[in-house]
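Source file start-v2.cif; content: mmCIF, C-alpha atoms.
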```
data_coords
#
loop_
_atom_site.group_PDB
_atom_site.id
_atom_site.type_symbol
_atom_site.label_atom_id
_atom_site.label_comp_id
_atom_site.auth_asym_id
_atom_site.auth_seq_id
_atom_site.Cartn_x
_atom_site.Cartn_y
_atom_site.Cartn_z
ATOM 1 C CA MET I 1 -16.161 -20.979 -9.093
ATOM 2 C CA ASN I 2 -13.551 -20.790 -6.380
ATOM 3 C CA LEU I 3 -11.782 -17.741 -5.020
ATOM 4 C CA THR I 4 -8.077 -17.554 -5.806
ATOM 5 C CA LEU I 5 -5.583 -15.012 -4.512
ATOM 6 C CA VAL I 6 -2.086 -14.467 -5.879
ATOM 7 C CA GLY I 7 -0.047 -11.840 -4.108
ATOM 8 C CA ILE I 8 3.289 -10.404 -3.109
ATOM 9 C CA ASN I 9 3.830 -8.252 -0.031
ATOM 10 C CA TYR I 10 6.387 -6.686 2.276
ATOM 11 C CA LYS I 11 6.783 -10.000 4.130
ATOM 12 C CA ARG I 12 7.825 -11.845 0.974
ATOM 13 C CA ALA I 13 9.694 -9.237 -1.035
ATOM 14 C CA PRO I 14 11.524 -5.957 -0.437
ATOM 15 C CA VAL I 15 10.370 -2.699 -1.972
ATOM 16 C CA SER I 16 12.856 -3.122 -4.856
ATOM 17 C CA LEU I 17 10.937 -6.207 -6.026
ATOM 18 C CA ARG I 18 7.424 -5.049 -5.189
ATOM 19 C CA GLU I 19 7.801 -1.956 -7.335
ATOM 20 C CA GLN I 20 8.393 -4.222 -10.343
ATOM 21 C CA VAL I 21 4.841 -5.575 -10.129
ATOM 22 C CA TYR I 22 3.083 -2.445 -8.857
ATOM 23 C CA PHE I 23 -0.148 -1.547 -10.680
ATOM 24 C CA SER I 24 -1.055 2.059 -11.352
ATOM 25 C CA LYS I 25 -4.745 2.840 -11.894
ATOM 26 C CA LYS I 26 -4.134 2.743 -15.648
ATOM 27 C CA ASP I 27 -2.413 -0.634 -15.271
ATOM 28 C CA VAL I 28 -5.396 -2.012 -13.366
ATOM 29 C CA PHE I 29 -7.850 -1.204 -16.146
ATOM 30 C CA LEU I 30 -5.585 -2.682 -18.814
ATOM 31 C CA ALA I 31 -4.783 -5.765 -16.715
ATOM 32 C CA LEU I 32 -8.448 -6.519 -16.076
ATOM 33 C CA GLU I 33 -9.162 -6.239 -19.790
ATOM 34 C CA VAL I 34 -6.322 -8.621 -20.687
ATOM 35 C CA LEU I 35 -7.248 -10.981 -17.849
ATOM 36 C CA PHE I 36 -10.761 -11.434 -19.233
ATOM 37 C CA GLU I 37 -9.601 -11.630 -22.843
ATOM 38 C CA LYS I 38 -7.347 -14.548 -21.915
ATOM 39 C CA GLY I 39 -10.064 -16.224 -19.869
ATOM 40 C CA VAL I 40 -7.934 -16.308 -16.718
ATOM 41 C CA ALA I 41 -10.902 -15.571 -14.442
ATOM 42 C CA GLN I 42 -14.592 -14.750 -14.439
ATOM 43 C CA GLY I 43 -14.056 -11.708 -12.248
ATOM 44 C CA ALA I 44 -11.186 -10.023 -10.430
ATOM 45 C CA VAL I 45 -10.133 -7.232 -8.089
ATOM 46 C CA ILE I 46 -6.539 -5.925 -8.081
ATOM 47 C CA LEU I 47 -5.246 -4.434 -4.831
ATOM 48 C CA SER I 48 -2.002 -2.546 -5.375
ATOM 49 C CA THR I 49 -0.423 -0.521 -2.566
ATOM 50 C CA CYS I 50 3.067 0.276 -1.317
ATOM 51 C CA GLN I 51 2.852 -2.812 0.908
ATOM 52 C CA ARG I 52 1.222 -5.418 -1.329
ATOM 53 C CA ILE I 53 0.085 -6.300 -4.819
ATOM 54 C CA GLU I 54 -2.745 -8.864 -4.803
ATOM 55 C CA ILE I 55 -5.134 -10.221 -7.416
ATOM 56 C CA TYR I 56 -8.371 -11.711 -6.086
ATOM 57 C CA ALA I 57 -10.073 -13.693 -8.835
ATOM 58 C CA GLU I 58 -13.096 -15.900 -9.243
ATOM 59 C CA GLY I 59 -11.237 -18.782 -10.828
ATOM 60 C CA ASP I 60 -9.406 -21.870 -9.607
ATOM 61 C CA ASP I 61 -6.185 -21.904 -11.662
ATOM 62 C CA ALA I 62 -3.651 -20.251 -9.377
ATOM 63 C CA SER I 63 -0.639 -20.999 -11.602
ATOM 64 C CA LEU I 64 -2.370 -19.363 -14.573
ATOM 65 C CA LEU I 65 -3.164 -16.299 -12.481
ATOM 66 C CA ARG I 66 0.438 -15.994 -11.268
ATOM 67 C CA SER I 67 1.759 -16.426 -14.809
ATOM 68 C CA PHE I 68 -0.602 -13.704 -15.967
ATOM 69 C CA LEU I 69 0.721 -11.344 -13.287
ATOM 70 C CA LEU I 70 4.372 -12.025 -14.180
ATOM 71 C CA ASP I 71 3.776 -11.781 -17.921
ATOM 72 C CA PHE I 72 1.720 -8.610 -17.682
ATOM 73 C CA LYS I 73 4.414 -6.852 -15.657
ATOM 74 C CA ASN I 74 7.206 -8.483 -17.716
ATOM 75 C CA THR I 75 8.900 -9.857 -14.603
ATOM 76 C CA GLY I 76 9.175 -13.523 -15.539
ATOM 77 C CA ASP I 77 12.545 -13.747 -13.784
ATOM 78 C CA LEU I 78 10.971 -12.962 -10.390
ATOM 79 C CA SER I 79 11.110 -16.040 -8.162
ATOM 80 C CA PRO I 80 7.793 -17.800 -7.426
ATOM 81 C CA ASP I 81 8.960 -17.897 -3.797
ATOM 82 C CA HIS I 82 8.183 -14.200 -3.521
ATOM 83 C CA PHE I 83 4.489 -14.863 -4.188
ATOM 84 C CA TYR I 84 1.822 -16.470 -2.072
ATOM 85 C CA ILE I 85 -1.246 -18.284 -3.259
ATOM 86 C CA LYS I 86 -4.380 -18.649 -1.175
ATOM 87 C CA GLN I 87 -7.667 -20.185 -2.196
ATOM 88 C CA ASN I 88 -11.209 -20.400 -0.894
ATOM 89 C CA ASP I 89 -11.452 -20.028 2.893
ATOM 90 C CA GLU I 90 -7.808 -18.925 3.225
ATOM 91 C CA ALA I 91 -8.224 -16.244 0.567
ATOM 92 C CA VAL I 92 -11.320 -14.838 2.292
ATOM 93 C CA LEU I 93 -9.604 -14.850 5.698
ATOM 94 C CA HIS I 94 -6.569 -13.110 4.227
ATOM 95 C CA LEU I 95 -8.682 -10.359 2.638
ATOM 96 C CA PHE I 96 -10.616 -9.784 5.844
ATOM 97 C CA THR I 97 -7.357 -9.610 7.818
ATOM 98 C CA VAL I 98 -5.886 -7.138 5.340
ATOM 99 C CA ALA I 99 -9.005 -4.945 5.434
ATOM 100 C CA ALA I 100 -8.863 -4.991 9.239
ATOM 101 C CA GLY I 101 -5.327 -3.555 9.174
ATOM 102 C CA LEU I 102 -3.883 -6.648 10.868
ATOM 103 C CA ASP I 103 -1.528 -7.626 8.040
ATOM 104 C CA SER I 104 0.108 -4.226 7.553
ATOM 105 C CA LEU I 105 3.571 -2.808 8.107
ATOM 106 C CA ILE I 106 1.941 -0.551 10.667
ATOM 107 C CA VAL I 107 -0.469 -2.889 12.425
ATOM 108 C CA GLY I 108 -3.755 -1.119 13.005
ATOM 109 C CA GLU I 109 -3.218 1.495 10.297
ATOM 110 C CA ASN I 110 -6.258 2.998 8.661
ATOM 111 C CA GLU I 111 -5.148 3.601 5.073
ATOM 112 C CA VAL I 112 -5.524 0.005 3.919
ATOM 113 C CA LEU I 113 -9.298 -0.091 4.442
ATOM 114 C CA HIS I 114 -9.660 2.844 2.051
ATOM 115 C CA GLN I 115 -7.280 1.111 -0.382
ATOM 116 C CA VAL I 116 -9.337 -2.103 -0.353
ATOM 117 C CA LYS I 117 -12.487 -0.057 -0.917
ATOM 118 C CA GLU I 118 -10.891 1.861 -3.778
ATOM 119 C CA ALA I 119 -9.628 -1.351 -5.448
ATOM 120 C CA TYR I 120 -13.073 -2.927 -5.204
ATOM 121 C CA PHE I 121 -14.913 0.130 -6.531
ATOM 122 C CA LEU I 122 -12.411 0.460 -9.377
ATOM 123 C CA ALA I 123 -13.001 -3.143 -10.453
ATOM 124 C CA LYS I 124 -16.743 -2.718 -10.073
ATOM 125 C CA ARG I 125 -16.700 0.417 -12.207
ATOM 126 C CA PHE I 126 -14.923 -1.580 -14.885
ATOM 127 C CA GLU I 127 -17.635 -4.260 -14.494
ATOM 128 C CA ALA I 128 -14.913 -6.735 -13.552
ATOM 129 C CA THR I 129 -16.541 -8.101 -10.407
ATOM 130 C CA THR I 130 -19.104 -10.884 -10.027
ATOM 131 C CA PRO I 131 -21.987 -11.214 -7.551
ATOM 132 C CA PHE I 132 -19.762 -13.541 -5.532
ATOM 133 C CA LEU I 133 -16.802 -11.102 -5.445
ATOM 134 C CA ASN I 134 -19.202 -8.299 -4.514
ATOM 135 C CA LYS I 135 -20.356 -10.282 -1.486
ATOM 136 C CA VAL I 136 -16.789 -11.047 -0.408
ATOM 137 C CA PHE I 137 -15.486 -7.487 -0.723
ATOM 138 C CA GLU I 138 -18.534 -5.812 0.778
ATOM 139 C CA ARG I 139 -18.223 -8.073 3.803
ATOM 140 C CA ALA I 140 -14.470 -7.401 3.986
ATOM 141 C CA LEU I 141 -15.124 -3.660 4.154
ATOM 142 C CA PHE I 142 -17.684 -4.217 6.908
ATOM 143 C CA VAL I 143 -15.280 -6.432 8.893
ATOM 144 C CA GLY I 144 -12.498 -3.873 8.479
ATOM 145 C CA LYS I 145 -14.708 -1.107 9.808
ATOM 146 C CA GLN I 146 -15.881 -3.213 12.745
ATOM 147 C CA ALA I 147 -12.301 -4.147 13.669
ATOM 148 C CA ARG I 148 -11.399 -0.504 14.103
ATOM 149 C CA GLN I 149 -14.347 0.059 16.413
ATOM 150 C CA ASN I 150 -13.552 -2.848 18.714
ATOM 151 C CA ALA I 151 -9.772 -3.228 18.955
ATOM 152 C CA VAL I 152 -8.072 -1.037 21.535
ATOM 153 C CA PHE I 153 -4.774 -0.754 19.664
ATOM 154 C CA PHE I 154 -6.359 0.994 16.700
ATOM 155 C CA GLN I 155 -5.463 4.661 16.841
ATOM 156 C CA LYS I 156 -7.591 7.119 14.927
ATOM 157 C CA ASP I 157 -4.686 8.550 12.965
ATOM 158 C CA ARG I 158 -2.347 5.545 12.808
ATOM 159 C CA SER I 159 -0.783 5.469 9.368
ATOM 160 C CA LEU I 160 2.486 5.160 7.461
ATOM 161 C CA ALA I 161 2.494 8.936 7.170
ATOM 162 C CA LYS I 162 2.292 9.436 10.916
ATOM 163 C CA THR I 163 4.979 6.799 11.512
ATOM 164 C CA ALA I 164 7.227 8.556 8.994
ATOM 165 C CA VAL I 165 6.804 11.875 10.800
ATOM 166 C CA GLU I 166 7.480 10.172 14.143
ATOM 167 C CA LEU I 167 10.667 8.689 12.677
ATOM 168 C CA ALA I 168 11.789 12.107 11.470
ATOM 169 C CA GLU I 169 10.975 13.603 14.866
ATOM 170 C CA ALA I 170 13.008 10.911 16.641
ATOM 171 C CA LEU I 171 16.012 11.503 14.384
ATOM 172 C CA SER I 172 15.854 15.296 14.525
ATOM 173 C CA ALA I 173 16.630 17.453 17.520
ATOM 174 C CA ASP I 174 13.843 19.938 16.824
ATOM 175 C CA MET I 175 11.632 19.603 13.741
ATOM 176 C CA SER I 176 10.243 23.099 14.204
ATOM 177 C CA ALA I 177 13.717 24.405 13.391
ATOM 178 C CA LYS I 178 14.133 22.258 10.269
ATOM 179 C CA ASN I 179 13.518 23.054 6.628
ATOM 180 C CA ILE I 180 11.003 20.389 5.584
ATOM 181 C CA PHE I 181 9.845 19.621 2.059
ATOM 182 C CA ILE I 182 6.888 17.333 1.290
ATOM 183 C CA ILE I 183 6.774 16.040 -2.285
ATOM 184 C CA GLY I 184 3.332 15.015 -3.526
ATOM 185 C CA SER I 185 -0.282 16.127 -3.672
ATOM 186 C CA GLY I 186 -2.189 12.968 -2.745
ATOM 187 C CA THR I 187 -3.667 11.745 0.511
ATOM 188 C CA VAL I 188 -0.379 10.443 1.938
ATOM 189 C CA ALA I 189 1.395 13.759 1.347
ATOM 190 C CA ALA I 190 -1.566 15.579 2.876
ATOM 191 C CA ASP I 191 -1.426 13.241 5.875
ATOM 192 C CA ILE I 192 2.284 13.963 6.332
ATOM 193 C CA ALA I 193 1.593 17.695 6.213
ATOM 194 C CA GLN I 194 -1.170 17.334 8.794
ATOM 195 C CA HIS I 195 1.063 15.473 11.245
ATOM 196 C CA CYS I 196 3.914 17.945 10.745
ATOM 197 C CA ALA I 197 1.527 20.780 11.522
ATOM 198 C CA LYS I 198 0.360 19.018 14.688
ATOM 199 C CA ILE I 199 3.868 19.043 16.117
ATOM 200 C CA GLY I 200 4.489 22.643 15.113
ATOM 201 C CA ALA I 201 6.763 21.950 12.164
ATOM 202 C CA THR I 202 6.560 24.178 9.106
ATOM 203 C CA PHE I 203 6.963 22.723 5.620
ATOM 204 C CA THR I 204 6.954 23.436 1.914
ATOM 205 C CA ILE I 205 4.842 21.407 -0.508
ATOM 206 C CA VAL I 206 6.410 20.352 -3.804
ATOM 207 C CA SER I 207 3.894 19.516 -6.514
ATOM 208 C CA THR I 208 3.074 19.763 -10.200
ATOM 209 C CA ARG I 209 -0.476 20.740 -9.262
ATOM 210 C CA THR I 210 -1.576 24.296 -8.567
ATOM 211 C CA LEU I 211 -1.688 24.242 -4.797
ATOM 212 C CA GLN I 212 -1.577 27.148 -2.399
ATOM 213 C CA LYS I 213 2.002 27.798 -1.229
ATOM 214 C CA ALA I 214 3.321 24.869 -3.283
ATOM 215 C CA ILE I 215 6.543 25.132 -5.270
ATOM 216 C CA SER I 216 7.469 23.451 -8.535
ATOM 217 C CA PHE I 217 9.973 20.634 -8.912
ATOM 218 C CA PRO I 218 12.588 22.836 -10.623
ATOM 219 C CA GLU I 219 12.392 25.264 -7.689
ATOM 220 C CA PHE I 220 12.708 22.372 -5.231
ATOM 221 C CA TYR I 221 15.854 21.132 -6.974
ATOM 222 C CA GLU I 222 17.359 24.605 -6.772
ATOM 223 C CA ARG I 223 16.545 24.721 -3.049
ATOM 224 C CA LEU I 224 17.951 21.298 -2.157
ATOM 225 C CA ASP I 225 20.717 22.927 -0.138
ATOM 226 C CA GLU I 226 18.073 24.322 2.220
ATOM 227 C CA ALA I 227 16.490 20.956 2.933
ATOM 228 C CA ASP I 228 16.955 19.214 6.264
ATOM 229 C CA ILE I 229 14.095 16.719 5.840
ATOM 230 C CA VAL I 230 12.354 15.552 2.664
ATOM 231 C CA PHE I 231 9.243 13.373 2.615
ATOM 232 C CA SER I 232 8.191 12.011 -0.772
ATOM 233 C CA ALA I 233 4.889 10.314 -1.605
ATOM 234 C CA THR I 234 3.891 10.648 -5.250
ATOM 235 C CA ALA I 235 2.242 8.313 -7.743
ATOM 236 C CA SER I 236 4.995 8.896 -10.271
ATOM 237 C CA PRO I 237 6.081 5.837 -12.313
ATOM 238 C CA HIS I 238 9.655 7.140 -12.373
ATOM 239 C CA LEU I 239 12.178 8.622 -9.960
ATOM 240 C CA ILE I 240 11.509 12.141 -8.713
ATOM 241 C CA LEU I 241 14.979 12.643 -7.269
ATOM 242 C CA THR I 242 17.771 10.898 -9.164
ATOM 243 C CA LYS I 243 21.346 10.495 -8.010
ATOM 244 C CA ASP I 244 22.617 12.780 -10.784
ATOM 245 C CA VAL I 245 20.212 15.604 -9.919
ATOM 246 C CA PHE I 246 20.956 15.226 -6.215
ATOM 247 C CA GLU I 247 24.712 15.453 -6.760
ATOM 248 C CA GLN I 248 24.355 18.411 -9.134
ATOM 249 C CA LYS I 249 22.011 20.438 -6.961
ATOM 250 C CA ARG I 250 23.045 19.461 -3.435
ATOM 251 C CA ARG I 251 26.176 21.446 -2.659
ATOM 252 C CA SER I 252 25.706 21.641 1.101
ATOM 253 C CA SER I 253 27.457 19.142 3.356
ATOM 254 C CA LYS I 254 24.904 19.423 6.159
ATOM 255 C CA PRO I 255 22.962 16.233 7.056
ATOM 256 C CA ILE I 256 19.732 15.548 5.197
ATOM 257 C CA LEU I 257 16.989 13.044 6.032
ATOM 258 C CA LEU I 258 15.019 11.545 3.127
ATOM 259 C CA ILE I 259 11.878 9.467 3.727
ATOM 260 C CA ASP I 260 10.384 7.855 0.624
ATOM 261 C CA LEU I 261 6.847 6.475 1.037
ATOM 262 C CA ALA I 262 6.178 5.907 -2.655
ATOM 263 C CA LEU I 263 5.905 2.721 -4.687
ATOM 264 C CA PRO I 264 7.488 2.737 -7.179
ATOM 265 C CA ARG I 265 10.056 4.681 -5.210
ATOM 266 C CA ASP I 266 10.526 8.416 -5.759
ATOM 267 C CA ILE I 267 14.112 8.690 -4.542
ATOM 268 C CA ASP I 268 17.086 6.938 -6.100
ATOM 269 C CA SER I 269 18.353 4.379 -3.576
ATOM 270 C CA ARG I 270 21.967 5.190 -4.484
ATOM 271 C CA ILE I 271 21.545 8.608 -2.866
ATOM 272 C CA GLY I 272 21.458 6.814 0.487
ATOM 273 C CA ARG I 273 25.167 6.035 0.091
ATOM 274 C CA SER I 274 26.110 9.708 -0.107
ATOM 275 C CA ASN I 275 27.798 11.449 2.811
ATOM 276 C CA ASN I 276 25.509 12.903 5.489
ATOM 277 C CA VAL I 277 22.416 11.361 3.902
ATOM 278 C CA ARG I 278 19.946 9.112 5.716
ATOM 279 C CA LEU I 279 17.416 7.523 3.358
ATOM 280 C CA PHE I 280 14.415 5.467 4.487
ATOM 281 C CA ASN I 281 11.669 3.745 2.481
ATOM 282 C CA VAL I 282 8.357 2.115 3.467
ATOM 283 C CA ASP I 283 10.050 -1.115 4.516
ATOM 284 C CA ASP I 284 11.955 0.767 7.206
ATOM 285 C CA LEU I 285 8.779 1.833 8.995
ATOM 286 C CA ILE I 286 7.570 -1.444 10.506
ATOM 287 C CA ALA I 287 5.895 -0.800 13.850
ATOM 288 C CA GLN I 288 4.120 -3.595 15.731
ATOM 289 C CA PRO I 289 1.669 -3.030 18.590
ATOM 290 C CA ARG I 290 2.482 -4.315 22.030
ATOM 291 C CA ALA I 291 1.182 -7.835 22.694
ATOM 292 C CA ASP I 292 -0.994 -6.607 25.555
ATOM 293 C CA LEU I 293 -3.010 -4.330 23.293
ATOM 294 C CA GLY I 294 -5.309 -6.991 21.902
ATOM 295 C CA MET I 295 -3.646 -8.148 18.668
ATOM 296 C CA GLU I 296 -4.598 -11.786 19.167
ATOM 297 C CA GLN I 297 -8.130 -10.855 20.220
ATOM 298 C CA ALA I 298 -8.522 -8.762 17.065
ATOM 299 C CA LEU I 299 -7.243 -11.605 14.879
ATOM 300 C CA GLN I 300 -9.591 -14.049 16.567
ATOM 301 C CA ALA I 301 -12.528 -11.720 15.983
ATOM 302 C CA VAL I 302 -11.678 -11.563 12.273
ATOM 303 C CA ARG I 303 -11.394 -15.376 12.121
ATOM 304 C CA GLU I 304 -14.813 -15.734 13.712
ATOM 305 C CA LYS I 305 -16.375 -13.226 11.322
ATOM 306 C CA THR I 306 -14.769 -15.058 8.409
ATOM 307 C CA GLN I 307 -16.185 -18.403 9.509
ATOM 308 C CA ARG I 308 -19.625 -16.896 10.005
ATOM 309 C CA PHE I 309 -19.541 -15.356 6.534
ATOM 310 C CA LEU I 310 -18.391 -18.623 4.916
ATOM 311 C CA TRP I 311 -21.076 -20.572 6.734
ATOM 312 C CA LYS I 312 -23.792 -18.192 5.516
ATOM 313 C CA LEU I 313 -22.324 -18.262 2.024
ATOM 314 C CA GLU I 314 -22.375 -22.036 1.925
ATOM 315 C CA ARG I 315 -25.930 -22.207 3.200
ATOM 316 C CA SER I 316 -27.131 -19.712 0.637
ATOM 317 C CA GLY I 317 -25.277 -21.495 -2.161
ATOM 318 C CA SER I 318 -24.422 -18.076 -3.532
ATOM 319 C CA ALA I 319 -20.848 -18.680 -4.556
ATOM 320 C CA SER I 320 -21.528 -18.654 -8.301
ATOM 321 C CA GLY I 321 -24.268 -21.218 -7.934
ATOM 322 C CA GLN I 322 -22.138 -23.645 -5.947
ATOM 323 C CA ALA I 323 -22.443 -24.615 -2.323
ATOM 324 C CA CYS I 324 -18.723 -24.306 -2.023
ATOM 325 C CA LEU I 325 -15.781 -22.571 -0.379
ATOM 326 C CA ARG I 326 -15.058 -25.577 1.797
#
```

Now that the file is in, can you turn its structure into structure tokens?
Amino acid sequence: MNLTLVGINYKRAPVSLREQVYFSKKDVFLALEVLFEKGVAQGAVILSTCQRIEIYAEGDDASLLRSFLLDFKNTGDLSPDHFYIKQNDEAVLHLFTVAAGLDSLIVGENEVLHQVKEAYFLAKRFEATTPFLNKVFERALFVGKQARQNAVFFQKDRSLAKTAVELAEALSADMSAKNIFIIGSGTVAADIAQHCAKIGATFTIVSTRTLQKAISFPEFYERLDEADIVFSATASPHLILTKDVFEQKRRSSKPILLIDLALPRDIDSRIGRSNNVRLFNVDDLIAQPRADLGMEQALQAVREKTQRFLWKLERSGSASGQACLR
């Protein structure tokens, strides 16, 4: 069988469209079950992040795979132009480039390698992968790890979270004097907290979980007037801060900075039109490395590793019993 990729990412569609086809962990399990029931593919891995939603499948009918994605998420009115289709060599190269952090909003960021690993392990746990997909994804994880060891523009803590904190720091006179709230209890929220602490900024965590020094959402809403900066990064399928709640609870006229790193989004986009409000989402955080820091060299290294992998794969004839991926 051939490898087929159908995807949508920040280059093709804004966050308002990507959130329509975002897969939660529960969605992934259900989608894989339906995908196999309908015979769309022999195996599949679904990668769903704030930057991209991609289905990698061992199957050669790209139109069927795209139709499955649109039907499953009930977004049949979404234009096909927002999606990309890659097959065989191109699909492998794309995955390796993604795992290496070279196709991200923040080029060189580290989160995506963990996300690829998590997507692969999730599919494997569901017994949705094939020996061929296992080979492809295990090599992608290896290439991603190698890229970070060799490329000089990879920073140890480069991430969307760090970029968000840097944005807040650039827009604020002194973050140590600001009232900062971080909504969420996952890795991104923890990363934001870590970077705030590094620059000496204090913060309050808002979470439904029992965390030390965390406050509840009702308490956060009552304290909205105190907030100077709010970071939000939850896995909630619905809005955390709606326009109605914001207008009811926010009585202060002082400026407030809202940075929403979630997909689907946590903060109602209409709030950004309110007076003295600056609202940013993940699409506002694009940061490219300087050309002299080895971007092209890193890309070339990934291309070479891809070609070497494909050559070995063809020689072994291990792609589902075929000598393929030409």

Distance query I:Leu17 at most 12 Å, only C-alpha atoms, self and fewer than 3 positions along chain excluded, as number ranges by chain: I: 8-14, 20-22, 50-53, 70, 73, 75, 77-79, 82-83, 263-265, 283

Using the chain letters and residue numbers of this document, give as a VMD selection string the residues selected by the PyMOL selection byres ((chain I and resi 181-195) around 6). chain I and resid 161 180 196 to 198 203 to 207 230 to 234

Output C-alpha atoms for every residue in that selection, as a compact mmCIF listing (two decimals), in the coordinates of the input.
```txt
# COMPACT_ATOMS: atom_id res chain seq x y z
CA ALA I 161 2.49 8.94 7.17
CA ILE I 180 11.00 20.39 5.58
CA CYS I 196 3.91 17.94 10.74
CA ALA I 197 1.53 20.78 11.52
CA LYS I 198 0.36 19.02 14.69
CA PHE I 203 6.96 22.72 5.62
CA THR I 204 6.95 23.44 1.91
CA ILE I 205 4.84 21.41 -0.51
CA VAL I 206 6.41 20.35 -3.80
CA SER I 207 3.89 19.52 -6.51
CA VAL I 230 12.35 15.55 2.66
CA PHE I 231 9.24 13.37 2.62
CA SER I 232 8.19 12.01 -0.77
CA ALA I 233 4.89 10.31 -1.60
CA THR I 234 3.89 10.65 -5.25
```

**Request:** I need the residue set behind the PyMOL selection byres ((chain I and resi 97) around 9) for this file; please write it as a list of chain:residue names.
**Result:** I:Val92, I:Leu93, I:His94, I:Leu95, I:Phe96, I:Val98, I:Ala99, I:Ala100, I:Gly101, I:Leu102, I:Asp103, I:Ala140, I:Val143, I:Gly144, I:Leu299, I:Val302, I:Arg303

Convert the current residue selection to file output with C-alpha atoms, as a JSON list (two decimals), keeping the file's coordinate frame.
```json
[["chain", "number", "residue", "atom", "x", "y", "z"],
["I", 92, "VAL", "CA", -11.32, -14.84, 2.29],
["I", 93, "LEU", "CA", -9.60, -14.85, 5.70],
["I", 94, "HIS", "CA", -6.57, -13.11, 4.23],
["I", 95, "LEU", "CA", -8.68, -10.36, 2.64],
["I", 96, "PHE", "CA", -10.62, -9.78, 5.84],
["I", 98, "VAL", "CA", -5.89, -7.14, 5.34],
["I", 99, "ALA", "CA", -9.01, -4.94, 5.43],
["I", 100, "ALA", "CA", -8.86, -4.99, 9.24],
["I", 101, "GLY", "CA", -5.33, -3.56, 9.17],
["I", 102, "LEU", "CA", -3.88, -6.65, 10.87],
["I", 103, "ASP", "CA", -1.53, -7.63, 8.04],
["I", 140, "ALA", "CA", -14.47, -7.40, 3.99],
["I", 143, "VAL", "CA", -15.28, -6.43, 8.89],
["I", 144, "GLY", "CA", -12.50, -3.87, 8.48],
["I", 299, "LEU", "CA", -7.24, -11.60, 14.88],
["I", 302, "VAL", "CA", -11.68, -11.56, 12.27],
["I", 303, "ARG", "CA", -11.39, -15.38, 12.12]]
```

Problem - Interatomic distance (Å, one decimal) between atom CA of I:Lys162 and atom CA of I:Ile229 - result: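 Atom CA of I:Ile229 lies at a distance of 14.8 Å from atom CA of I:Lys162.
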
Neighbour list for I:Val40 as a list of chain:residue names, cut-off 8 Å, all atoms listed in the file, skip fewer than 2 positions in-chain:
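Counting only the stated atoms, we get I:Leu35, I:Phe36, I:Glu37, I:Lys38, I:Gln42, I:Gly59, I:Asp61, I:Leu64, I:Leu65, I:Phe68.
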
Would you export the selected residues with C-alpha atoms as a JSON list (two decimals), in the coordinates of the input, please?
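The file below, again-v4.json, is the result:
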```json
[["chain", "number", "residue", "atom", "x", "y", "z"],
["I", 35, "LEU", "CA", -7.25, -10.98, -17.85],
["I", 36, "PHE", "CA", -10.76, -11.43, -19.23],
["I", 37, "GLU", "CA", -9.60, -11.63, -22.84],
["I", 38, "LYS", "CA", -7.35, -14.55, -21.92],
["I", 42, "GLN", "CA", -14.59, -14.75, -14.44],
["I", 59, "GLY", "CA", -11.24, -18.78, -10.83],
["I", 61, "ASP", "CA", -6.18, -21.90, -11.66],
["I", 64, "LEU", "CA", -2.37, -19.36, -14.57],
["I", 65, "LEU", "CA", -3.16, -16.30, -12.48],
["I", 68, "PHE", "CA", -0.60, -13.70, -15.97]]
```

Box centre and edge lengths (Å, one decimal), axis-aligned, stretch 135-143 of chain I plus 4 Å each side, as JSON:
```
{"center_x": -17.4, "center_y": -7.4, "center_z": 3.7, "size_x": 13.9, "size_y": 15.4, "size_z": 18.4}
```

Give me the residues near I:Asp284 as a tab-separated table (two decimals) with C-alpha atoms, in the frame of the given file, where near means some atom within 10 Å (using all atoms listed in the file) and where sequence neighbours in that chain fewer than 2 positions away do not count.
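Ended up saving to result.tsv:
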```tsv
chain	number	residue	atom	x	y	z
I	15	VAL	CA	10.37	-2.70	-1.97
I	105	LEU	CA	3.57	-2.81	8.11
I	164	ALA	CA	7.23	8.56	8.99
I	167	LEU	CA	10.67	8.69	12.68
I	259	ILE	CA	11.88	9.47	3.73
I	260	ASP	CA	10.38	7.86	0.62
I	261	LEU	CA	6.85	6.48	1.04
I	279	LEU	CA	17.42	7.52	3.36
I	280	PHE	CA	14.42	5.47	4.49
I	281	ASN	CA	11.67	3.74	2.48
I	282	VAL	CA	8.36	2.12	3.47
I	286	ILE	CA	7.57	-1.44	10.51
I	287	ALA	CA	5.90	-0.80	13.85
```

- Which residue, I:Arg223, I:Lys145, I:Lys249, I:Arg125, has the smallest gap to I:Val112 when you use all atoms listed in the file?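 Of the candidates, the smallest distance to I:Val112 is held by I:Lys145.
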